[in-house]
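This is coords_13.pdb. It holds PDB, C-alpha atoms, pLDDT in the B column.
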MODEL        1
ATOM      1  CA  MET A   1     -13.140  -3.226  -4.980  1.00 68.00           C
ATOM      2  CA  LYS A   2     -16.116  -1.211  -3.802  1.00 82.00           C
ATOM      3  CA  ARG A   3     -13.767   1.425  -2.376  1.00 86.00           C
ATOM      4  CA  ILE A   4     -11.743   1.585  -5.592  1.00 89.00           C
ATOM      5  CA  ASN A   5     -14.887   1.985  -7.704  1.00 90.00           C
ATOM      6  CA  GLN A   6     -16.311   4.601  -5.338  1.00 92.00           C
ATOM      7  CA  TYR A   7     -13.181   6.750  -5.561  1.00 93.00           C
ATOM      8  CA  LYS A   8     -12.840   6.253  -9.327  1.00 91.00           C
ATOM      9  CA  LYS A   9     -16.426   7.433  -9.727  1.00 93.00           C
ATOM     10  CA  LEU A  10     -15.753  10.468  -7.499  1.00 92.00           C
ATOM     11  CA  PHE A  11     -12.759  11.430  -9.657  1.00 91.00           C
ATOM     12  CA  GLY A  12     -14.371  10.480 -12.972  1.00 90.00           C
ATOM     13  CA  VAL A  13     -11.781   7.796 -13.741  1.00 89.00           C
ATOM     14  CA  GLU A  14     -13.119   5.312 -16.253  1.00 84.00           C
ATOM     15  CA  LYS A  15     -10.158   3.084 -17.038  1.00 81.00           C
ATOM     16  CA  GLU A  16      -6.471   3.476 -16.245  1.00 84.00           C
ATOM     17  CA  LEU A  17      -5.352   5.878 -13.532  1.00 84.00           C
ATOM     18  CA  ASP A  18      -3.325   8.812 -14.844  1.00 86.00           C
ATOM     19  CA  LEU A  19      -1.561  10.782 -12.101  1.00 91.00           C
ATOM     20  CA  LYS A  20      -1.581  14.085 -14.005  1.00 91.00           C
ATOM     21  CA  GLN A  21      -5.305  13.907 -14.676  1.00 91.00           C
ATOM     22  CA  LEU A  22      -5.961  12.689 -11.137  1.00 93.00           C
ATOM     23  CA  LYS A  23      -4.085  15.651  -9.673  1.00 94.00           C
ATOM     24  CA  LYS A  24      -5.961  18.086 -11.917  1.00 94.00           C
ATOM     25  CA  THR A  25      -9.327  16.610 -10.914  1.00 94.00           C
ATOM     26  CA  TYR A  26      -8.275  16.595  -7.257  1.00 95.00           C
ATOM     27  CA  ARG A  27      -7.465  20.295  -7.330  1.00 95.00           C
ATOM     28  CA  SER A  28     -10.795  21.198  -8.913  1.00 94.00           C
ATOM     29  CA  LEU A  29     -12.723  19.019  -6.431  1.00 94.00           C
ATOM     30  CA  VAL A  30     -10.867  20.567  -3.484  1.00 93.00           C
ATOM     31  CA  LYS A  31     -11.731  24.051  -4.765  1.00 93.00           C
ATOM     32  CA  GLU A  32     -15.351  23.061  -5.266  1.00 92.00           C
ATOM     33  CA  TRP A  33     -15.778  21.409  -1.856  1.00 91.00           C
ATOM     34  CA  HIS A  34     -13.470  23.449   0.371  1.00 91.00           C
ATOM     35  CA  PRO A  35     -15.295  24.158   3.672  1.00 88.00           C
ATOM     36  CA  ASP A  36     -13.923  27.717   3.829  1.00 89.00           C
ATOM     37  CA  LYS A  37     -16.217  28.621   0.923  1.00 87.00           C
ATOM     38  CA  TYR A  38     -19.173  28.440   3.291  1.00 86.00           C
ATOM     39  CA  GLN A  39     -20.023  30.196   6.531  1.00 86.00           C
ATOM     40  CA  LYS A  40     -20.118  28.027   9.668  1.00 84.00           C
ATOM     41  CA  ASP A  41     -23.912  28.386   9.948  1.00 85.00           C
ATOM     42  CA  ASP A  42     -24.498  27.503   6.272  1.00 86.00           C
ATOM     43  CA  PRO A  43     -25.959  23.977   5.897  1.00 84.00           C
ATOM     44  CA  LYS A  44     -23.568  23.355   3.006  1.00 88.00           C
ATOM     45  CA  HIS A  45     -20.587  23.837   5.367  1.00 88.00           C
ATOM     46  CA  ALA A  46     -21.050  20.411   7.008  1.00 87.00           C
ATOM     47  CA  GLU A  47     -21.539  18.758   3.619  1.00 90.00           C
ATOM     48  CA  ALA A  48     -18.402  20.466   2.283  1.00 91.00           C
ATOM     49  CA  GLU A  49     -16.365  19.297   5.279  1.00 91.00           C
ATOM     50  CA  LYS A  50     -17.481  15.714   4.738  1.00 93.00           C
ATOM     51  CA  LYS A  51     -16.959  15.863   0.983  1.00 93.00           C
ATOM     52  CA  SER A  52     -13.499  17.473   1.261  1.00 93.00           C
ATOM     53  CA  VAL A  53     -12.350  14.661   3.569  1.00 94.00           C
ATOM     54  CA  GLU A  54     -13.685  12.120   1.061  1.00 95.00           C
ATOM     55  CA  VAL A  55     -11.869  13.893  -1.800  1.00 95.00           C
ATOM     56  CA  ILE A  56      -8.563  13.955   0.111  1.00 95.00           C
ATOM     57  CA  ASP A  57      -8.868  10.301   1.155  1.00 95.00           C
ATOM     58  CA  GLY A  58      -9.846   9.280  -2.363  1.00 94.00           C
ATOM     59  CA  TYR A  59      -6.929  11.112  -3.911  1.00 95.00           C
ATOM     60  CA  HIS A  60      -4.359   9.521  -1.593  1.00 94.00           C
ATOM     61  CA  PHE A  61      -5.932   6.111  -2.086  1.00 93.00           C
ATOM     62  CA  LEU A  62      -5.984   6.330  -5.894  1.00 94.00           C
ATOM     63  CA  VAL A  63      -2.415   7.635  -5.986  1.00 94.00           C
ATOM     64  CA  SER A  64      -1.325   4.617  -3.918  1.00 93.00           C
ATOM     65  CA  ILE A  65      -2.726   2.154  -6.494  1.00 93.00           C
ATOM     66  CA  ALA A  66      -1.795   4.120  -9.632  1.00 92.00           C
ATOM     67  CA  PRO A  67       0.478   2.270 -12.072  1.00 92.00           C
ATOM     68  CA  GLU A  68       3.182   4.951 -11.746  1.00 93.00           C
ATOM     69  CA  THR A  69       3.244   4.569  -7.960  1.00 93.00           C
ATOM     70  CA  LEU A  70       3.330   0.780  -8.138  1.00 93.00           C
ATOM     71  CA  GLU A  71       6.125   0.915 -10.712  1.00 94.00           C
ATOM     72  CA  ALA A  72       8.175   3.314  -8.568  1.00 94.00           C
ATOM     73  CA  ASN A  73       7.855   0.958  -5.583  1.00 94.00           C
ATOM     74  CA  LYS A  74       8.138  -2.303  -7.521  1.00 95.00           C
ATOM     75  CA  GLU A  75      11.681  -3.098  -6.430  1.00 96.00           C
ATOM     76  CA  ALA A  76      10.867  -2.856  -2.707  1.00 95.00           C
ATOM     77  CA  TYR A  77       7.615  -4.786  -3.194  1.00 96.00           C
ATOM     78  CA  THR A  78       9.340  -7.563  -5.144  1.00 96.00           C
ATOM     79  CA  GLU A  79      12.048  -7.848  -2.499  1.00 96.00           C
ATOM     80  CA  THR A  80       9.446  -8.076   0.273  1.00 96.00           C
ATOM     81  CA  ILE A  81       7.292 -10.762  -1.351  1.00 96.00           C
ATOM     82  CA  ASN A  82      10.359 -12.818  -2.362  1.00 96.00           C
ATOM     83  CA  THR A  83      12.449 -12.610   0.806  1.00 96.00           C
ATOM     84  CA  SER A  84      10.053 -12.022   3.709  1.00 95.00           C
ATOM     85  CA  PRO A  85       7.614 -14.736   4.737  1.00 96.00           C
ATOM     86  CA  ILE A  86       4.064 -13.866   5.753  1.00 96.00           C
ATOM     87  CA  ALA A  87       3.913 -12.975   9.442  1.00 95.00           C
ATOM     88  CA  ASP A  88       0.188 -12.254   9.717  1.00 95.00           C
ATOM     89  CA  TYR A  89      -2.905 -11.831   7.548  1.00 96.00           C
ATOM     90  CA  GLN A  90      -6.499 -10.657   7.879  1.00 96.00           C
ATOM     91  CA  HIS A  91      -9.458 -10.849   5.541  1.00 97.00           C
ATOM     92  CA  LYS A  92     -12.326  -8.349   5.781  1.00 95.00           C
ATOM     93  CA  GLY A  93     -14.960  -8.352   3.087  1.00 92.00           C
ATOM     94  CA  MET A  94     -12.983  -8.353  -0.145  1.00 93.00           C
ATOM     95  CA  LEU A  95      -9.775  -6.981   1.403  1.00 95.00           C
ATOM     96  CA  LEU A  96      -6.836  -9.214   2.294  1.00 97.00           C
ATOM     97  CA  GLU A  97      -4.199  -7.557   4.432  1.00 97.00           C
ATOM     98  CA  ILE A  98      -0.840  -9.356   4.574  1.00 96.00           C
ATOM     99  CA  THR A  99       1.927  -8.364   6.981  1.00 96.00           C
ATOM    100  CA  PHE A 100       5.408  -9.668   6.237  1.00 96.00           C
ATOM    101  CA  THR A 101       8.230 -10.456   8.649  1.00 95.00           C
ATOM    102  CA  ASP A 102      10.125  -7.361   7.476  1.00 93.00           C
ATOM    103  CA  GLY A 103       7.312  -5.281   8.996  1.00 92.00           C
ATOM    104  CA  THR A 104       5.614  -4.089   5.821  1.00 94.00           C
ATOM    105  CA  THR A 105       1.918  -4.613   5.187  1.00 95.00           C
ATOM    106  CA  TYR A 106       0.158  -4.750   1.838  1.00 96.00           C
ATOM    107  CA  GLU A 107      -3.567  -4.663   1.104  1.00 96.00           C
ATOM    108  CA  TYR A 108      -4.956  -6.796  -1.742  1.00 97.00           C
ATOM    109  CA  PHE A 109      -8.346  -5.786  -3.147  1.00 96.00           C
ATOM    110  CA  GLY A 110     -11.057  -8.068  -4.515  1.00 95.00           C
ATOM    111  CA  VAL A 111      -9.942 -11.242  -2.718  1.00 96.00           C
ATOM    112  CA  THR A 112     -13.038 -13.375  -2.261  1.00 96.00           C
ATOM    113  CA  LYS A 113     -13.722 -15.489   0.797  1.00 96.00           C
ATOM    114  CA  LYS A 114     -13.297 -18.593  -1.373  1.00 97.00           C
ATOM    115  CA  VAL A 115      -9.763 -17.578  -2.390  1.00 97.00           C
ATOM    116  CA  TYR A 116      -8.962 -16.596   1.197  1.00 97.00           C
ATOM    117  CA  LEU A 117     -10.081 -20.004   2.482  1.00 97.00           C
ATOM    118  CA  LYS A 118      -7.949 -21.715  -0.169  1.00 97.00           C
ATOM    119  CA  MET A 119      -4.977 -19.674   1.036  1.00 96.00           C
ATOM    120  CA  VAL A 120      -5.597 -20.514   4.699  1.00 95.00           C
ATOM    121  CA  ASN A 121      -5.925 -24.223   3.888  1.00 96.00           C
ATOM    122  CA  ALA A 122      -2.946 -24.319   1.531  1.00 95.00           C
ATOM    123  CA  GLY A 123      -0.043 -26.500   2.603  1.00 91.00           C
ATOM    124  CA  ASN A 124       2.397 -23.649   2.033  1.00 95.00           C
ATOM    125  CA  LEU A 125       0.926 -20.200   2.671  1.00 95.00           C
ATOM    126  CA  ASN A 126       3.789 -18.277   1.025  1.00 96.00           C
ATOM    127  CA  ARG A 127       3.792 -20.432  -2.115  1.00 96.00           C
ATOM    128  CA  PHE A 128       0.016 -20.046  -2.511  1.00 97.00           C
ATOM    129  CA  ALA A 129       0.263 -16.272  -2.105  1.00 97.00           C
ATOM    130  CA  LYS A 130       3.097 -16.043  -4.654  1.00 96.00           C
ATOM    131  CA  ARG A 131       1.105 -18.032  -7.201  1.00 96.00           C
ATOM    132  CA  SER A 132      -2.452 -16.848  -6.596  1.00 96.00           C
ATOM    133  CA  ILE A 133      -2.525 -13.552  -4.671  1.00 97.00           C
ATOM    134  CA  TYR A 134       0.455 -11.355  -5.567  1.00 97.00           C
ATOM    135  CA  PRO A 135       0.153 -11.547  -9.384  1.00 96.00           C
ATOM    136  CA  SER A 136      -3.638 -11.451  -9.508  1.00 95.00           C
ATOM    137  CA  TYR A 137      -4.933  -8.634  -7.299  1.00 96.00           C
ATOM    138  CA  THR A 138      -4.683  -4.868  -7.119  1.00 94.00           C
ATOM    139  CA  TYR A 139      -2.550  -3.977  -4.116  1.00 96.00           C
ATOM    140  CA  ARG A 140      -1.120  -1.078  -2.205  1.00 95.00           C
ATOM    141  CA  LYS A 141       1.294  -0.661   0.646  1.00 94.00           C
ATOM    142  CA  SER A 142      -0.516  -0.089   3.913  1.00 89.00           C
ATOM    143  CA  LYS A 143       0.605   2.413   6.515  1.00 76.00           C
ATOM    144  CA  ARG A 144       0.490  -0.325   9.154  1.00 66.00           C
ATOM    145  CA  HIS A 145       3.705  -1.922  10.285  1.00 57.00           C
ATOM    146  CA  LEU A 146       4.394  -5.071  12.237  1.00 49.00           C
ATOM    147  CA  GLN A 147       4.718  -4.167  15.906  1.00 50.00           C
ATOM    148  CA  GLU A 148       7.879  -5.610  17.357  1.00 45.00           C
ATOM    149  CA  VAL A 149       7.623  -6.858  20.911  1.00 36.00           C
TER     150      VAL A 149
ENDMDL
END

Structure translated into structure tokens:
Amino acid sequence: MKRINQYKKLFGVEKELDLKQLKKTYRSLVKEWHPDKYQKDDPKHAEAEKKSVEVIDGYHFLVSIAPETLEANKEAYTETINTSPIADYQHKGMLLEITFTDGTTYEYFGVTKKVYLKMVNAGNLNRFAKRSIYPSYTYRKSKRHLQEV
């Protein structure tokens, strides 16, 4: 959640993500922080390089959790969570990363350690996730894929 809030603050998003507004803000931030605006020896050059990377990362991240993106990928997501059992999972901070047997990985944001421990100790991992994780947390598809041996 910290990452989501950080990027929303960077892009001035207060409530719902709107892709058109996000793209417009992204373009203005890229223009403002483009490293080519500064000479290599200018102290602002290093800051602009760092900030431009943050802007690009933030834009791609926010696009991946935007309602329009989730809606466009809903069919594939629904098929994955309903037909592919959980192959692996990791919890770091407030991020739960679940990899399915079909090779796709999704990240769920804001999952507390308490909820994670309930999931780990649940009699049926997939049933718990379907009832308590999938409908309750902001998610996005991760670029990671299950490595086949």

Residue nearest A:Lys31 - candidates A:Arg127, A:Lys15, A:Lys51, A:Arg3, atoms counted: only C-alpha atoms
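For A:Lys31, the nearest of the given residues is A:Lys51.
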
Pick out the closest residue to A:Leu117 from this set: A:Lys8, A:Lys50, A:His91, A:Lys130. Count all atoms listed in the file.
A:His91

Residues picked by the PyMOL selection byres ((chain A and resi 57) around 12) here, as a list in words?
Arg3, Ile4, Gln6, Tyr7, Lys8, Leu10, Phe11, Tyr26, Val30, Lys50, Lys51, Ser52, Val53, Glu54, Val55, Ile56, Gly58, Tyr59, His60, Phe61, Leu62, Val63 and Ser64 of chain A

Hey, what's within 9 Å of A:Ile133 if we count only C-alpha atoms and toss same-chain stuff fewer than 3 positions away? As a list in words, please?
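The neighbour list is Tyr108, Val111, Val115, Met119, Phe128, Ala129, Lys130, Ser136 and Tyr137 of chain A.
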
Atom CA of A:Ile86 to atom CA of A:Asn126, straight-line distance in Å
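Pair atom CA of A:Asn126 / atom CA of A:Ile86 returns 6.5 Å.
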
Taking all atoms of stretch 116-126 of chain A that the file lists, what box with edges along x, y and z, padded by 8 Å per side, do you get, with centre and edge lengths in Å to one decimal, as AutoDock Vina command-line options?
--center_x -3.1 --center_y -21.5 --center_z 2.3 --size_x 29.9 --size_y 25.9 --size_z 20.9
